[in-house]
Amino acid sequence: MTRFGEAATATRQRLRETDRRYSLRQVARRIGVEPSYLSKVERGQVAPPSEATTVRLARELGQDPDVFLAMAGKVSRDLQDIICKRPALFAELIRQLKDAPDHAILHIVREVRDGDW
Amino acid sequence: MITLEHDSLVFRFPEVHEAARCSIDFQRTLRIPDDGLDYPLPPGLGGFPLRHLDDYARQAPRDWLRRGGVLMPMHQAEAMWISFGAESYPFAVKIAAGKACALTGDAWTNHLNTDPQDYLVLPEQPWLDGFCVAKGIVRQFVAMPLGEGYSVEEQLTGAAEHGGLQIIAYPMKAERYEALIDEQSAESGPAYGVVMDSAPPDMGLAPGGRMRQEIYEDEYGLDAWDQRYASRCFVTIANSMQWLALTGERPPTEPPTARDYSDAGLPWFDFYGGDLEALAETERMRGLVSVARLGEQKAETPLPENESIDAANVLTLRAAGATRVREMPGGGA
């Protein structure tokens with residue numbers, strides 16, 4: 001079983017405990033794949049699905065699509081586009097921040113500005 | 001701090017607790033008939049896009065920029081609901097429209113009030129679809145231009161000043177959260193160049209049709225919330241033309257009508273929150289007049305396609321694990 005398959009299975013089964021609509025069959029139908037294929041993905045018998053399917057699965061299971069993509073060994077198309085526009089700068093930025101604690105990284109994230117109201 | 005991620009407002013309070021995180025997004029939906037009948041909850045048709053208002057500083061009206069926050073497009077008479085995402089860390093969240101509290105109708109304050117309770121508690125409350133007008137009943141959030149008298153703000157204050165939506169979130173105190181977790185584990189294991197010199201009419205939210213939705217009482221008590229830390233956001237609602245002019249993007253298409261949706265046999269929703277107590281309405285909210293009723297009084301037709309429907313296919317969602325699937329099958333319009 002792959003890390004991606006384990007995470008998808010664990011999340012779906014946790015939801016399934018309280019809501020039968022999270023059965024393998026119903027989740028597969030909602031994200032537009034065959035149940036047999038989703039079963040193989042969960043058991044790690046095939047490579048993780050495409051970016052679009054991975055994002056649909058993450059959203060269906062209430063998970064962060066970027067986290068699911070990372071576990072699938074992928075980077076979303078929009079992030080690739082951002083990095084490719086300024087590759088040297090973003091590559092350096094990511095390397096510089098690789099061991100920084102979360103709170104330090106959050107300091108450089110753009111906040112929604114609160115104004116006067 | 002608030003960040004904008006995938007069209008969601010993400011609230012984080014790392015200074016309180018590393019797990020103190022919740023998100024809020026705004027769901028496109030059908031407008032339910034405003035006919036005096038009580039309907040189940042309509043589906044989510046995908047999130048409204050959100051943008052930093054500051055990104056349009058050269059074109060946006062000064063009044064909008066002064067407020068900060070984010071910009072969201074809505075068509076006139078379009079409906080929406082608010083979706084809350086919180087995993088385990090509890091939050092108290094106040095929601096106002098035109099600076100009038102959506103639960104009590106009282107004027108905006110930057111603190112929590114309990115008599116009457118003017119905030120929602122997450123994660124117990126997964127959604128808010130409208131203004132609390134009776135115990136277990138809300139009137140749907142429907143976008144209307146300010147200045148025509150339909151918005152809740154105008155009905156309650158007589159003024160058309162603010163419009164939009166206002167949000168403030170308070171995390172639970174860290175020590176209360178830690179105690180809660182211990183208790184739970186013990187139990188279970190670029191610009192387009194159209195400069196808006198003068199402020200265009202703002203969009204506000206008005207009370208639409210009635211639907212069944214309970215707003216839950218705070219079971220933790222006021223003392224549970226860390227009111228030293230709060231993050232707030234003004235959501236300016238732009239009409240379709242304003243949105244296109246500012247962002248260069250087309251707004252989402254208008255959703256299907258409630259009749260078309262229901263005739264297709266697609267599901268409506270009910271939410272069962274277990275033993276949680278529902279809040280009653282306040283005197284101020286009881287006096288709100290719905291958009292259709294007010295239109296009749298003014299000899300206007302503000303809501304097209306408002307005939308009654310039979311919402312027969314109702315799915316009941318339960319508190320645990322069900323907050324993500326209030327969607328039209330197939331992923332939305």
# chains A, B, ... in the order shown; residues from 1 in each chain; ligands from 1

$ residues_around --residues "region 172-174 of chain B" --least-positions-apart "5" --cutoff "12 Å" --atoms "only C-alpha atoms" --output "ChimeraX atom specification"
/B:12-22,88-93,121-123,179-181,218,220-230

$ select_by_dssp --residues "region 37-119 of chain B" --states "helix (DSSP H, G or I)" --output "MDAnalysis selection string"
chainID B and resid 53:56 62:67

$ interface_residues --of "chain A" --to "chain B" --cutoff "9 Å" --atoms "only C-alpha atoms" --output "count of residues only"
26

$ residues_around --residues "Thr53 (chain A)" --least-positions-apart "2" --cutoff "12 Å" --atoms "only C-alpha atoms" --output "list in words"
Val27, Ala28, Arg29, Arg30, Ile31, Gly32, Val33, Glu34, Tyr37, Leu38, Val41, Pro48, Pro49, Ser50, Glu51, Val55, Arg56, Leu57, Ala58, Arg59, Glu60, Pro65, Phe68, Leu69, Ala72 and Ser76 of chain A

$ atom_distance --atom1 "CA of Ser8 (chain B)" --atom2 "CA of Leu30 (chain B)"
20.1 Å

$ select_by_dssp --residues "region 35-136 of chain B" --states "strand (DSSP E)" --output "MDAnalysis selection string"
chainID B and resid 38:39 51:52 70:73 79:86 91:97 100:101 120:122 127:128 130:134

$ atom_distance --atom1 "CA of Arg284 (chain B)" --atom2 "CA of Val133 (chain B)"
8.8 Å

$ closest_residue --among "B:Thr236, B:Arg326, B:Glu124, B:Ala264" --to "Leu276 (chain B)" --atoms "only C-alpha atoms"
B:Glu124

$ decode --residues "region 59-73 of chain A" --atoms "all heavy atoms" --output "PDB file, in the first residue's frame"
ATOM      1  N   ARG A  59     -11.268  16.634  -2.193  1.00  0.00           N
ATOM      2  CA  ARG A  59     -12.419  17.483  -1.844  1.00  0.00           C
ATOM      3  C   ARG A  59     -13.584  16.629  -1.354  1.00  0.00           C
ATOM      4  O   ARG A  59     -14.283  16.991  -0.417  1.00  0.00           O
ATOM      5  CB  ARG A  59     -12.823  18.343  -3.039  1.00  0.00           C
ATOM      6  CG  ARG A  59     -11.780  19.416  -3.311  1.00  0.00           C
ATOM      7  CD  ARG A  59     -12.256  20.453  -4.302  1.00  0.00           C
ATOM      8  NE  ARG A  59     -11.285  21.542  -4.369  1.00  0.00           N
ATOM      9  CZ  ARG A  59     -10.849  22.095  -5.495  1.00  0.00           C
ATOM     10  NH1 ARG A  59     -11.327  21.711  -6.658  1.00  0.00           N
ATOM     11  NH2 ARG A  59      -9.958  23.074  -5.452  1.00  0.00           N
ATOM     12  N   GLU A  60     -13.786  15.510  -2.004  1.00  0.00           N
ATOM     13  CA  GLU A  60     -14.872  14.611  -1.612  1.00  0.00           C
ATOM     14  C   GLU A  60     -14.690  14.141  -0.169  1.00  0.00           C
ATOM     15  O   GLU A  60     -15.651  13.993   0.577  1.00  0.00           O
ATOM     16  CB  GLU A  60     -14.867  13.410  -2.568  1.00  0.00           C
ATOM     17  CG  GLU A  60     -15.874  12.345  -2.265  1.00  0.00           C
ATOM     18  CD  GLU A  60     -17.309  12.840  -2.358  1.00  0.00           C
ATOM     19  OE1 GLU A  60     -17.582  13.715  -3.190  1.00  0.00           O
ATOM     20  OE2 GLU A  60     -18.150  12.350  -1.588  1.00  0.00           O
ATOM     21  N   LEU A  61     -13.426  13.926   0.205  1.00  0.00           N
ATOM     22  CA  LEU A  61     -13.149  13.420   1.552  1.00  0.00           C
ATOM     23  C   LEU A  61     -12.858  14.550   2.539  1.00  0.00           C
ATOM     24  O   LEU A  61     -12.462  14.300   3.675  1.00  0.00           O
ATOM     25  CB  LEU A  61     -11.954  12.450   1.507  1.00  0.00           C
ATOM     26  CG  LEU A  61     -12.144  11.211   0.604  1.00  0.00           C
ATOM     27  CD1 LEU A  61     -10.882  10.348   0.614  1.00  0.00           C
ATOM     28  CD2 LEU A  61     -13.344  10.386   1.061  1.00  0.00           C
ATOM     29  N   GLY A  62     -13.042  15.794   2.109  1.00  0.00           N
ATOM     30  CA  GLY A  62     -12.846  16.928   3.013  1.00  0.00           C
ATOM     31  C   GLY A  62     -11.386  17.174   3.348  1.00  0.00           C
ATOM     32  O   GLY A  62     -11.074  17.688   4.428  1.00  0.00           O
ATOM     33  N   GLN A  63     -10.487  16.798   2.456  1.00  0.00           N
ATOM     34  CA  GLN A  63      -9.057  16.976   2.710  1.00  0.00           C
ATOM     35  C   GLN A  63      -8.479  18.082   1.832  1.00  0.00           C
ATOM     36  O   GLN A  63      -9.058  18.450   0.810  1.00  0.00           O
ATOM     37  CB  GLN A  63      -8.317  15.666   2.440  1.00  0.00           C
ATOM     38  CG  GLN A  63      -8.781  14.512   3.295  1.00  0.00           C
ATOM     39  CD  GLN A  63      -8.570  14.767   4.783  1.00  0.00           C
ATOM     40  OE1 GLN A  63      -7.451  15.003   5.226  1.00  0.00           O
ATOM     41  NE2 GLN A  63      -9.650  14.754   5.547  1.00  0.00           N
ATOM     42  N   ASP A  64      -7.308  18.578   2.219  1.00  0.00           N
ATOM     43  CA  ASP A  64      -6.645  19.629   1.458  1.00  0.00           C
ATOM     44  C   ASP A  64      -6.090  19.018   0.158  1.00  0.00           C
ATOM     45  O   ASP A  64      -5.255  18.101   0.209  1.00  0.00           O
ATOM     46  CB  ASP A  64      -5.507  20.208   2.309  1.00  0.00           C
ATOM     47  CG  ASP A  64      -4.870  21.416   1.651  1.00  0.00           C
ATOM     48  OD1 ASP A  64      -4.775  21.425   0.403  1.00  0.00           O
ATOM     49  OD2 ASP A  64      -4.462  22.328   2.378  1.00  0.00           O
ATOM     50  N   PRO A  65      -6.517  19.514  -1.010  1.00  0.00           N
ATOM     51  CA  PRO A  65      -6.021  18.941  -2.271  1.00  0.00           C
ATOM     52  C   PRO A  65      -4.500  18.984  -2.386  1.00  0.00           C
ATOM     53  O   PRO A  65      -3.883  18.048  -2.918  1.00  0.00           O
ATOM     54  CB  PRO A  65      -6.674  19.821  -3.338  1.00  0.00           C
ATOM     55  CG  PRO A  65      -7.896  20.371  -2.692  1.00  0.00           C
ATOM     56  CD  PRO A  65      -7.541  20.547  -1.249  1.00  0.00           C
ATOM     57  N   ASP A  66      -3.869  20.048  -1.887  1.00  0.00           N
ATOM     58  CA  ASP A  66      -2.408  20.135  -1.995  1.00  0.00           C
ATOM     59  C   ASP A  66      -1.723  19.023  -1.197  1.00  0.00           C
ATOM     60  O   ASP A  66      -0.683  18.500  -1.603  1.00  0.00           O
ATOM     61  CB  ASP A  66      -1.912  21.507  -1.513  1.00  0.00           C
ATOM     62  CG  ASP A  66      -2.221  22.601  -2.531  1.00  0.00           C
ATOM     63  OD1 ASP A  66      -2.219  22.299  -3.745  1.00  0.00           O
ATOM     64  OD2 ASP A  66      -2.485  23.738  -2.118  1.00  0.00           O
ATOM     65  N   VAL A  67      -2.300  18.676  -0.061  1.00  0.00           N
ATOM     66  CA  VAL A  67      -1.717  17.609   0.756  1.00  0.00           C
ATOM     67  C   VAL A  67      -1.861  16.261   0.051  1.00  0.00           C
ATOM     68  O   VAL A  67      -0.913  15.471  -0.019  1.00  0.00           O
ATOM     69  CB  VAL A  67      -2.389  17.576   2.154  1.00  0.00           C
ATOM     70  CG1 VAL A  67      -1.900  16.366   2.949  1.00  0.00           C
ATOM     71  CG2 VAL A  67      -2.102  18.864   2.913  1.00  0.00           C
ATOM     72  N   PHE A  68      -3.044  16.014  -0.507  1.00  0.00           N
ATOM     73  CA  PHE A  68      -3.249  14.756  -1.231  1.00  0.00           C
ATOM     74  C   PHE A  68      -2.328  14.683  -2.459  1.00  0.00           C
ATOM     75  O   PHE A  68      -1.776  13.635  -2.773  1.00  0.00           O
ATOM     76  CB  PHE A  68      -4.723  14.618  -1.650  1.00  0.00           C
ATOM     77  CG  PHE A  68      -5.517  13.703  -0.741  1.00  0.00           C
ATOM     78  CD1 PHE A  68      -5.319  13.734   0.636  1.00  0.00           C
ATOM     79  CD2 PHE A  68      -6.455  12.813  -1.249  1.00  0.00           C
ATOM     80  CE1 PHE A  68      -6.034  12.903   1.479  1.00  0.00           C
ATOM     81  CE2 PHE A  68      -7.178  11.964  -0.413  1.00  0.00           C
ATOM     82  CZ  PHE A  68      -6.958  12.015   0.958  1.00  0.00           C
ATOM     83  N   LEU A  69      -2.186  15.813  -3.166  1.00  0.00           N
ATOM     84  CA  LEU A  69      -1.296  15.820  -4.332  1.00  0.00           C
ATOM     85  C   LEU A  69       0.141  15.524  -3.911  1.00  0.00           C
ATOM     86  O   LEU A  69       0.857  14.767  -4.578  1.00  0.00           O
ATOM     87  CB  LEU A  69      -1.372  17.181  -5.042  1.00  0.00           C
ATOM     88  CG  LEU A  69      -2.619  17.408  -5.900  1.00  0.00           C
ATOM     89  CD1 LEU A  69      -2.721  18.876  -6.311  1.00  0.00           C
ATOM     90  CD2 LEU A  69      -2.588  16.519  -7.143  1.00  0.00           C
ATOM     91  N   ALA A  70       0.557  16.110  -2.796  1.00  0.00           N
ATOM     92  CA  ALA A  70       1.930  15.876  -2.332  1.00  0.00           C
ATOM     93  C   ALA A  70       2.140  14.398  -2.011  1.00  0.00           C
ATOM     94  O   ALA A  70       3.169  13.813  -2.353  1.00  0.00           O
ATOM     95  CB  ALA A  70       2.220  16.743  -1.106  1.00  0.00           C
ATOM     96  N   MET A  71       1.133  13.783  -1.359  1.00  0.00           N
ATOM     97  CA  MET A  71       1.264  12.350  -1.044  1.00  0.00           C
ATOM     98  C   MET A  71       1.283  11.502  -2.312  1.00  0.00           C
ATOM     99  O   MET A  71       1.832  10.409  -2.318  1.00  0.00           O
ATOM    100  CB  MET A  71       0.121  11.918  -0.120  1.00  0.00           C
ATOM    101  CG  MET A  71       0.342  12.390   1.312  1.00  0.00           C
ATOM    102  SD  MET A  71      -0.785  11.648   2.481  1.00  0.00           S
ATOM    103  CE  MET A  71      -2.312  12.388   1.994  1.00  0.00           C
ATOM    104  N   ALA A  72       0.658  12.053  -3.364  1.00  0.00           N
ATOM    105  CA  ALA A  72       0.660  11.331  -4.648  1.00  0.00           C
ATOM    106  C   ALA A  72       1.918  11.650  -5.455  1.00  0.00           C
ATOM    107  O   ALA A  72       2.061  11.201  -6.597  1.00  0.00           O
ATOM    108  CB  ALA A  72      -0.586  11.711  -5.453  1.00  0.00           C
ATOM    109  N   GLY A  73       2.824  12.436  -4.862  1.00  0.00           N
ATOM    110  CA  GLY A  73       4.068  12.773  -5.553  1.00  0.00           C
ATOM    111  C   GLY A  73       3.880  13.795  -6.657  1.00  0.00           C
ATOM    112  O   GLY A  73       4.646  13.840  -7.614  1.00  0.00           O
TER     113      GLY A  73
END
